[in-house]
Protein chains: 2
Amino acid sequence: MLTYSFENIGHTPLYEHLYKCIKNDIMNGTLPAGTKLPSKRSFASNLGVSAITVENAYAQLLSEGYIYSRPKKGYYVSTFSRSLLPPRAMPETAVALPEARPVFFADFSSNQTRPDNFPFSVWAKLMRETMQERNNELMTKPPCGGIFELREAIASHLKQFRDMQVQPEQIFVGAGTEYLYGLLVQLLGFDKVYAIENPGYEKIAQIYESYQVRRRFIDMDDCGIRMDRLEESGADVVHISPSHHFPTGIITPVSRRYELLGWAAKSDSRYIIEDDYDSEFRLTGKPIPALQSIDLMEKVIYINTFSKSLTSTMRISYMVLPPGLAQRFLEQMSFYSCTVSNFEQYALMRFIREGYLEKHINRMRNYYHRQRDALLDAIKKSPLSSRVTITEEDSGLHFLMKIDTALSDTELMEKAREKGLRLTALSRYYHRTDSDVEHIFIINYSYLKTEHIPEAIRRLYQCLTD
Amino acid sequence: MLTYSFENIGHTPLYEHLYKCIKNDIMNGTLPAGTKLPSKRSFASNLGVSAITVENAYAQLLSEGYIYSRPKKGYYVSTFSRSLLPPRAMPETAVALPEARPVFFADFSSNQTRPDNFPFSVWAKLMRETMQERNNELMTKPPCGGIFELREAIASHLKQFRDMQVQPEQIFVGAGTEYLYGLLVQLLGFDKVYAIENPGYEKIAQIYESYQVRRRFIDMDDCGIRMDRLEESGADVVHISPSHHFPTGIITPVSRRYELLGWAAKSDSRYIIEDDYDSEFRLTGKPIPALQSIDLMEKVIYINTFSKSLTSTMRISYMVLPPGLAQRFLEQMSFYSCTVSNFEQYALMRFIREGYLEKHINRMRNYYHRQRDALLDAIKKSPLSSRVTITEEDSGLHFLMKIDTALSDTELMEKAREKGLRLTALSRYYHRTDSDVEHIFIINYSYLKTEHIPEAIRRLYQCLTD
């Protein structure tokens with residue numbers, strides 16, 4: 001009969017040691033395929049261990065397929081055993097990662113939140129209190145649209161900031177607008193045609209492409225997306241940012257908004273996705289009423305995010321579905337779990353409800369105002385001022401700067417890069433590049449260090465004169 | 001010329017007051033369409049305000065479409081203005097919400113974490129320290145696969161617990177496995193055929209349906225998915241849980257695993273999605289090597305989650321892609337932002353790295369062990385014991401109980417419900433119900449209150465005898 005030593009096995013459980021010994025003998029051929037193993041009882045008494053030890057070792061071998069059992073006969077070494085390969089070593093083909101993002105002296109492209117602008121102490125306090133007071137709720141699966149109290153808080157916030165009348169039941173919280181776009185394709189249909197703005201935020205086009213739905217790029221005029229082109233396109237769903245278009249800064253006036261609603265009303269399958277991503281930060285004037293708030297036909301899906309008002313690294317966005325679509329979502333897609341952590345949903349609920357969000361937005365609006373002024377001032381004092389024209393400067397987080405230069409956009413961006421400046425040309429946001437938009441750059445000031453601004457402008461001017 | 005009073009306007013900014021006055025006159029017809037507005041300068045001097053006040057009021061009216069400008073002529077009242085509708089009132093059609101989930105005396109279907117099992121104090125400490133020490137990183141956009149340090153910690157965890165050799169670059173973190181399944185459809189292709197287990201976790205079938213890809217339900221035998229049926233199905237991708245199938249508890253032996261790898265190797269488009277959702281909690285024996293760890297052909301996509309080992313309400317899962325697919329993901333889909341909050345990624349990284357996860361899993365395994373024993377003991381002491389047969393009791397979170405009864409599954413579930421028990425029949429997890437599986441129920445003990453167990457068993461017996 002088989003025999004194994006149980007000496008010097010340290011803390012290894014007896015059954016595991018026995019399992020390894022037998023497995024080893026199977027693998028090296030000492031126990032060839034078809035060999036009958038000893039009965040549990042006799043093997044145990046022979047080895048001086050309990051029957052349960054042998055049973056556990058056999059169970060493990062059985063479940064891994066090294067042995068098989070024949071009813072009332074016993075256990076046999078499996079024929080597959082010899083062919084077992086050793087576990088795979090670390091794969092040698094390394095995955096080529098994209099280059100780490102370099103640190104710029106001044107990044108005119110980033111819209112990240114600066115660490116000193118995030119309300120860490122308030123957030124830490126709310127998170128601590130949430131964990132103390134909400135143990136049960138934190139462990140309870142929320143509805144697919146998110147925690148109801150958070151959706152109530154968002155509904156109040158929308159009433160206060162956007163004069164929107166929505167029920168919490170219409171609100172669906174998700175881990176970023178990108179995720180919500182994907183849900184909308186599933187809800188509205190893979191067979192639909194999706195119209196997007198040209199130029200526009202490139203991620204939107206990438207997401208529709210990744211979902212393999214038909215896309216149409218629609219040109220813009222001074223009022224937003226062109227209605228004639230939209231009609232021609234055969235689109236069912238149009239995805240727009242009428243409050244503040246990225247990157248041009250165009251604000252769609254009410255007249256065009258009604259035309260869009262009129263377009264949507266012509267067919268049951270037509271919908272408008274209204275992306276209202278930074279309406280909180282317009283520097284002058286009140287924001288224009290949301291399309292959602294003048295929609296009587298249940299055609300507008302409103303999307304917004306806390307990426308700009310809090311931080312994009314927390315991943316909390318939401319959409320407001322018209323009642324009919326909200327109902328359809330519940331019927332067809334409520335199996336999806338909400339993708340935002342309960343912990344952050346409860347903390348955010350309190351952040352909104354206790355007035356911290358409003359204070360934070362006001363503070364950030366003032367900060368962006370000062371950043372913009374510092375930047376405009378630095379440009380004014382620099383010889384750069386005679387070479388540039390600035391537009392859309394009230395948009396809140398960025399403006400457009402047309403530069404009088406013979407350099408191509410690519411050349412200027414490359415020169416800027418060498419000087420530690422990150423700069424993106426407007427032309428980069430066009431589906432097909434339009435030569436009219438050469439020499440216009442997006443100047444985002446949300447992530448600039450205030451004290452770097454004068455030097456950044458000096459360097460930018462150098463790019464034109466070196 | 002138009003004139004308005006600026007008295008008694010309180011804290012309203014001058015421009016906003018002026019904007020409202022003009023808008024009001026447009027809306028009530030005092031200023032009909034086509035009316036030319038006064039020039040900014042003369043209007044300002046007439047009203048005794050600054051030109052900038054008039055400019056801001058006009059800008060607001062312009063952007064909302066109440067007026068339009070004609071180059072070198074001035075501003076005119078828009079023709080659209082009179083048709084402007086008041087903002088929509090709160091929608092009357094309420095969204096019919098699914099009924100609130102009732103609270104059960106004993107819920108044999110839930111796999112939520114009990115609040116007393118979550119390590120709140122450790123998590124609160126790690127979160128607090130993270131916010132104190134990591135301000136910069138918390139505000140920095142992570143790579144699309146997630147924070148690198150977290151992926152390193154997961155790679156070490158997989159090495160230690162599953163003897164898997166993976167590079168952090170192969171790991172992609174996301175907000176729940178449901179989200180990751182969606183990414184995989186985008187990565188592997190909407191044109192592919194996806195095979196899923198029958199019976200199986202119903203959400204998987206729902207997700208593939210929501211993505212409108214072709215699904216095939218593959219029957220199981222005692223070793224897992226049937227190879228003959230898989231071959232016949234024409235599937236490209238097979239989605240399985242070989243370590244512990246839900247709900248049957250079947251563990252796929254090594255022999256079948258090699259057959260699966262052999263199947264996958266036959267075509268470039270074939271892949272295996274290995275869902276390893278609760279391998280940490282097997283109560284006896286070591287878990288079987290993951291398919292991923294014996295895959296030499298880069299055919300296995302390994303998926304796991306912290307839903308079972310921590311809590312499902314935090315939404316943190318991950319997938320391990322073979323190097324080639326990881327590369328393809330980076331090339332095609334790296335525009336997607338990681339869906340998990342930086343805050344929770346950093347806290348989880350420390351939770352793993354500092355050994356808390358390992359301790360927590362051990363504690364939970366012991367807890368589940370005790371829960372199972374308490375439940376088996378209560379059944380043994382009850383007359384119920386003569387009416388039931390229990391199988392798959394080592395699986396860790398649930399077992400199967402066959403009940404000797406003339407009641408149909410629906411009748412018994414309804415009776416149980418009336419007594420405050422939530423019970424789900426195995427038959428509910430079959431795509432087409434198989435009459436052989438009547439009278440078998442899934443008994444999940446992870447969410448039961450220990451002190452409720454004897455009474456819950458008493459009530460269950462009552463259902464059979466009342």
# chains A, B, ... in the order shown; residues from 1 in each chain; ligands from 1
>>> interface_residues(of="chain B", to="chain A", cutoff="6 Å", atoms="only C-alpha atoms", output="PyMOL selection string")
chain B and resi 60+63-65+80+87-88+90+95+115+135-136+139+141+165+175+186+210+253-255+285+288+293-294+313-315+323+327+339+341-342
>>> select_by_dssp(residues="range 254-411 of chain B", states="strand (DSSP E)", output="JSON, numbers by chain")
{"B": [271, 272, 273, 274, 275, 300, 301, 302, 303, 304, 305, 317, 318, 319, 320, 388, 389, 390, 391, 398, 399, 400, 401, 402, 403]}
>>> residues_around(residues="Phe105 in chain A", least_positions_apart="6", cutoff="9 Å", atoms="only C-alpha atoms", output="PyMOL selection string")
chain A and resi 419-422+448-449+452+456
>>> select_by_dssp(residues="range 194-235 of chain A", states="helix (DSSP H, G or I)", output="list of chain:residue names")
A:Glu202, A:Lys203, A:Ile204, A:Ala205, A:Gln206, A:Ile207, A:Tyr208, A:Glu209, A:Ser210, A:Met227, A:Asp228, A:Arg229, A:Leu230, A:Glu231, A:Glu232, A:Ser233
>>> closest_residue(among="B:Leu357, B:Val103, B:Val300, B:Leu180", to="Ala264 in chain B", atoms="only C-alpha atoms")
B:Val300
>>> atom_distance(atom1="CA of Val237 in chain B", atom2="CA of Phe329 in chain B")
16.8 Å
>>> closest_residue(among="B:Pro32, B:Pro119, B:Gly396, B:Gly145", to="Tyr277 in chain B", atoms="only C-alpha atoms")
B:Gly396
>>> residues_around(residues="Gly48 in chain A", least_positions_apart="6", cutoff="12 Å", atoms="only C-alpha atoms", output="ChimeraX atom specification")
/A:3-7,14,18,40-42,54
>>> residues_around(residues="Asp436 in chain A", least_positions_apart="3", cutoff="12 Å", atoms="only C-alpha atoms", output="list in words")
Lys402, Leu426, Ser427, Tyr430, Arg432, Thr433, His439 and Ile440 of chain A
>>> write_last_selection(atoms="N, CA, C and O atoms", output="compact mmCIF listing (two decimals), in the first residue's frame")
# COMPACT_ATOMS: atom_id res chain seq x y z
N LYS A 402 -7.63 82.53 -31.13
CA LYS A 402 -7.12 82.44 -32.51
C LYS A 402 -5.75 83.10 -32.54
O LYS A 402 -5.59 84.22 -32.07
N LEU A 426 -8.50 73.51 -31.94
CA LEU A 426 -9.92 73.28 -32.22
C LEU A 426 -10.09 72.28 -33.35
O LEU A 426 -10.98 71.42 -33.33
N SER A 427 -9.18 72.34 -34.34
CA SER A 427 -9.30 71.46 -35.51
C SER A 427 -9.30 69.98 -35.12
O SER A 427 -9.86 69.15 -35.82
N TYR A 430 -12.78 68.18 -34.97
CA TYR A 430 -13.62 67.99 -36.15
C TYR A 430 -13.48 66.59 -36.67
O TYR A 430 -12.38 66.03 -36.70
N ARG A 432 -14.05 65.62 -39.85
CA ARG A 432 -13.14 65.85 -40.98
C ARG A 432 -12.63 67.27 -40.80
O ARG A 432 -13.40 68.20 -40.62
N THR A 433 -11.30 67.42 -40.85
CA THR A 433 -10.77 68.73 -40.52
C THR A 433 -11.18 69.77 -41.56
O THR A 433 -11.10 69.53 -42.75
N HIS A 439 -5.46 77.34 -36.57
CA HIS A 439 -4.92 78.42 -35.72
C HIS A 439 -5.82 78.83 -34.56
O HIS A 439 -5.58 79.85 -33.93
N ILE A 440 -6.86 78.03 -34.29
CA ILE A 440 -7.69 78.33 -33.11
C ILE A 440 -7.40 77.27 -32.05
O ILE A 440 -7.38 76.07 -32.36
>>> residues_around(residues="Ile390 in chain A", least_positions_apart="4", cutoff="12 Å", atoms="only C-alpha atoms", output="compact mmCIF listing (two decimals) with N, CA, C and O atoms, in the first residue's frame")
# COMPACT_ATOMS: atom_id res chain seq x y z
N THR A 248 -16.53 74.64 -29.06
CA THR A 248 -16.70 76.00 -29.61
C THR A 248 -17.30 76.99 -28.63
O THR A 248 -17.18 78.20 -28.81
N GLY A 249 -18.02 76.50 -27.60
CA GLY A 249 -18.66 77.40 -26.66
C GLY A 249 -20.01 77.92 -27.13
O GLY A 249 -20.63 78.74 -26.45
N ARG A 372 -9.63 83.03 -15.12
CA ARG A 372 -9.82 83.62 -16.43
C ARG A 372 -9.25 85.03 -16.47
O ARG A 372 -8.51 85.41 -17.40
N LEU A 375 -5.53 85.12 -16.54
CA LEU A 375 -5.04 84.69 -17.83
C LEU A 375 -5.20 85.81 -18.87
O LEU A 375 -4.26 86.13 -19.61
N LEU A 376 -6.38 86.43 -18.90
CA LEU A 376 -6.61 87.53 -19.85
C LEU A 376 -5.65 88.68 -19.56
O LEU A 376 -5.12 89.31 -20.49
N ILE A 379 -2.18 87.88 -20.80
CA ILE A 379 -2.12 87.99 -22.26
C ILE A 379 -2.03 89.48 -22.66
O ILE A 379 -1.22 89.86 -23.50
N LYS A 380 -2.86 90.31 -21.99
CA LYS A 380 -2.89 91.74 -22.28
C LYS A 380 -1.52 92.40 -22.08
O LYS A 380 -1.09 93.25 -22.86
N LEU A 384 2.08 88.90 -26.82
CA LEU A 384 1.17 87.92 -27.43
C LEU A 384 -0.17 88.57 -27.80
O LEU A 384 -0.81 88.18 -28.77
N SER A 385 -0.55 89.60 -27.02
CA SER A 385 -1.89 90.18 -27.19
C SER A 385 -2.13 90.68 -28.63
O SER A 385 -3.24 90.64 -29.11
N SER A 386 -1.07 91.13 -29.30
CA SER A 386 -1.26 91.65 -30.65
C SER A 386 -1.40 90.52 -31.67
O SER A 386 -1.70 90.76 -32.83
N ASP A 394 -16.89 83.81 -21.80
CA ASP A 394 -17.79 83.74 -20.65
C ASP A 394 -18.23 82.32 -20.31
O ASP A 394 -19.09 82.10 -19.47
N HIS A 398 -13.20 77.41 -20.21
CA HIS A 398 -12.22 77.58 -21.27
C HIS A 398 -12.68 78.69 -22.23
O HIS A 398 -13.83 79.10 -22.20
N PHE A 399 -11.74 79.20 -23.03
CA PHE A 399 -12.14 80.06 -24.13
C PHE A 399 -11.36 79.64 -25.37
O PHE A 399 -10.51 78.76 -25.31
N LEU A 400 -11.71 80.26 -26.49
CA LEU A 400 -11.00 79.96 -27.72
C LEU A 400 -10.04 81.10 -28.03
O LEU A 400 -10.36 82.26 -27.82
N MET A 401 -8.85 80.76 -28.53
CA MET A 401 -7.86 81.78 -28.84
C MET A 401 -7.38 81.55 -30.27
O MET A 401 -6.81 80.49 -30.57
N LYS A 402 -7.63 82.53 -31.13
CA LYS A 402 -7.12 82.44 -32.51
C LYS A 402 -5.75 83.10 -32.54
O LYS A 402 -5.59 84.22 -32.07
N ILE A 403 -4.77 82.38 -33.03
CA ILE A 403 -3.40 82.88 -33.03
C ILE A 403 -2.97 83.22 -34.45
O ILE A 403 -3.16 82.43 -35.37
N ASP A 404 -2.42 84.41 -34.58
CA ASP A 404 -1.91 84.86 -35.88
C ASP A 404 -0.52 84.28 -36.07
O ASP A 404 0.46 84.79 -35.52
N HIS A 439 -5.46 77.34 -36.57
CA HIS A 439 -4.92 78.42 -35.72
C HIS A 439 -5.82 78.83 -34.56
O HIS A 439 -5.58 79.85 -33.93
N ILE A 440 -6.86 78.03 -34.29
CA ILE A 440 -7.69 78.33 -33.11
C ILE A 440 -7.40 77.27 -32.05
O ILE A 440 -7.38 76.07 -32.36
N PHE A 441 -7.16 77.73 -30.84
CA PHE A 441 -6.80 76.80 -29.76
C PHE A 441 -7.76 76.91 -28.59
O PHE A 441 -8.32 77.97 -28.33
N ILE A 442 -7.94 75.75 -27.90
CA ILE A 442 -8.79 75.73 -26.73
C ILE A 442 -7.93 76.04 -25.52
O ILE A 442 -6.92 75.36 -25.28
N ILE A 443 -8.30 77.07 -24.80
CA ILE A 443 -7.52 77.47 -23.63
C ILE A 443 -8.35 77.19 -22.39
O ILE A 443 -9.23 77.95 -22.02
>>> atom_distance(atom1="CA of Leu2 in chain B", atom2="CA of Asn46 in chain B")
8.7 Å
